[in-house]
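In what follows, a single structure is set out as structure tokens and then discussed.
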Amino acid sequence: MSGGVDSSATAALLQEQGYDVVGITLKLWPQDCVNRAEDKCCGPQAVTDARSVCHTLGIPYYLIDESAEFQKHVIQYFADEYKAGRTPNPCVMCNQNLKFGRLIDRANQLGADFIATGHFARIEKVCSSRREEAQTESRNGQSLLTSAATKPELGRYLLKRGKDLRKDQSYFLFSLRQDQLARALFPLGDKTKSDTREVARHCNLKTADKEESMEICFVPDNNYGGFLQSANLVQKHRGEIVNLHGHVLGHHDGIEFYTIGQRKGLGLSTPQPLYVIELDAENNRVVVGDDTALDRDEFTVQNCNWIPWENPPASIEVTAKIRYNHPGTPATVTPLEQGRAKVKLHTPQRAVTPGQASVFYQDDLVVGGGWITR
């Protein structure tokens with residue numbers, strides 16, 4: 001429970017459905033984050049709000065310290081990716097390693113069958129059927145039929161978009177394994193954000209009208225460079241800013257403070273706008289060019305996770321998202337050896353960024369995804 005309206009409504013809905021509910025907040029923040037995020041999900045106010053909700057609902061509440069694991073699997077990863085010239089996605093790693101990793105361990109200790117979160121996403125299990133289509137049974141007892149062309153393997157747990165597409169968070173869950181999906185409940189998957197607030201109001205929960213937090217939880221001011229420096233995770237180191245021909249145009253204080261597609265803050269005076277095209281960690285260079293150089297129609301992903309299959313088809317037609325707020329674009333995905341895949345976009349896209357997750361969809365079904373490489 002993050003202390004927000006979504007997890008609060010989730011607890012209320014599960015209790016209403018007859019589950020024996022236990023509220024848990026993972027204490028993830030280092031002390032310097034608390035000082036920067038007093039009223040965010042990393043701050044003490046979140047604990048106070050979550051505890052209040054559990055008191056109102058009459059359910060047990062525990063605050064569990066996982067700050068060492070968060071430092072290792074999320075914050076250190078966050079810094080290492082920037083130092084390697086990539087742009088990280090800490091929310092995916094937090095879901096994979098903390099919320100559906102360490103929290104499952106805690107659930108086992110408590111004898112709990114499921115982990116429930118306030119994510120706007122849906123889980124369904126592929127069941128045996130005599131029909132040619134693969135029949136799926138959702139957690140609320142309803143049935144859906146997936147496309148026959150998708151052919152998910154029997155017995156697999158499927159991940160689908162949430163009903164409220166504006167709030168859909170399936171992108172951040174693409175890396176969950178079958179054993180993690182089997183233990184997960186997403187009660188908000190069939191609800192809209194307004195439905196969620198109404199649930200909280202109906203139960204007189206203090207979080208019903210609480211403002212949403214859209215930032216990275218440990219960087220509430222969105223100044224990730226300032227966070228990396230204040231946490232002593234990176235130090236400034238001078239390097240060259242060069243154009244696509246290798247000509248030096250200026251200097252920078254560290255590639256960690258730049259990301260692909262960035263235009264502002266380059267400190268260059270040129271007739272035409274320039275954008276960050278590449279971050280060369282090996283040579284400590286920021287490569288810039290005009291906006292046409294940002295377009296890509298092909299890239300490779302690694303550490304792929306395929307949700308409907310143990311072994312994916314030789315070629316998959318999908319809608320690929322190259323970042324969370326990307327609308328998605330038609331693509332052909334060709335799985336390769338060693339957990340990699342080639343992604344061929346039917347239309348070039350701007351600022352395909354190494355380190356970000358590319359997630360693949362067929363309609364509402366999350367086919368899988370991987371991490372974009374250089």
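Just so we're on the same page: first chain in the structure tokens is A, next is B, and so on; residues restart at 1 for each chain, and ligands are numbered from 1 in the order they show up.
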When you look at Tyr258 (chain A) with a cut-off of 12 Å (counting only C-alpha atoms), what residues show up, excluding the ones that are within fewer than 4 positions of it in the same chain? I need them as a count of residues only.
33
Quick one: pick out all strand (DSSP E) residues within region 122-371 of chain A from a backbone DSSP run and write them as a ChimeraX atom specification.
/A:122-127,135-138,143-145,157-161,184-185,239-242,248-252,275-280,285-289,295-306,316-321,329-335,341-350,357-362,365-371
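With distances restricted to only C-alpha atoms, A:Tyr171 is the closest residue to Ala357 (chain A) from A:Phe186, A:Trp306, A:Phe227, A:Tyr171.
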I'd like the contact shell of Ile372 (chain A) - 8 Å cut-off, only C-alpha atoms, skipping same-chain residues fewer than 5 positions apart - returned as a ChimeraX atom specification.
/A:299-302,352-358
Selection export as a JSON list (two decimals), in the first residue's frame, atoms kept: C-alpha atoms:
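The file below, part12.json, is the result:
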```
[["chain", "number", "residue", "atom", "x", "y", "z"],
["A", 299, "PHE", "CA", 16.50, -1.93, -33.10],
["A", 300, "THR", "CA", 17.32, -4.89, -30.87],
["A", 301, "VAL", "CA", 15.96, -5.72, -27.43],
["A", 302, "GLN", "CA", 17.52, -8.01, -24.83],
["A", 352, "VAL", "CA", 14.29, 5.10, -29.74],
["A", 353, "THR", "CA", 16.24, 5.13, -26.47],
["A", 354, "PRO", "CA", 18.65, 2.45, -25.18],
["A", 355, "GLY", "CA", 17.76, 1.39, -21.66],
["A", 356, "GLN", "CA", 14.03, 1.90, -22.09],
["A", 357, "ALA", "CA", 11.61, -1.03, -22.32],
["A", 358, "SER", "CA", 9.91, -1.84, -25.60]]
```
Per-residue nearest contacts region 149-207 of chain A to region 12-20 of chain A, cut-off 12 Å, using only C-alpha atoms, as a tab-separated table:
```
residue	atom	partner	partner_atom	distance
A:Leu185	CA	A:Leu14	CA	9.3
A:Phe186	CA	A:Leu14	CA	9.7
A:Pro187	CA	A:Leu13	CA	7.0
A:Leu188	CA	A:Leu13	CA	8.7
A:Gly189	CA	A:Leu13	CA	11.8
A:Asp190	CA	A:Leu13	CA	11.9
A:Lys191	CA	A:Leu13	CA	11.1
A:Asp195	CA	A:Leu13	CA	11.3
A:Thr196	CA	A:Leu13	CA	9.5
A:Arg197	CA	A:Ala12	CA	11.4
A:Glu198	CA	A:Ala12	CA	11.3
A:Val199	CA	A:Ala12	CA	7.6
A:Ala200	CA	A:Ala12	CA	7.5
A:Arg201	CA	A:Ala12	CA	10.6
A:His202	CA	A:Ala12	CA	9.7
A:Cys203	CA	A:Ala12	CA	7.3
A:Asn204	CA	A:Ala12	CA	10.3
A:Leu205	CA	A:Ala12	CA	9.1
A:Thr207	CA	A:Ala12	CA	11.9
```
So that I can check the surroundings of region 59-67 of chain A, please list as number ranges by chain every protein, DNA and RNA residue that reaches within 10 Å of it, counting only C-alpha atoms and ignoring chain neighbours fewer than 2 positions away.
A: 1, 11-12, 15, 20-31, 47, 50-57, 69-75, 98, 102-103, 106
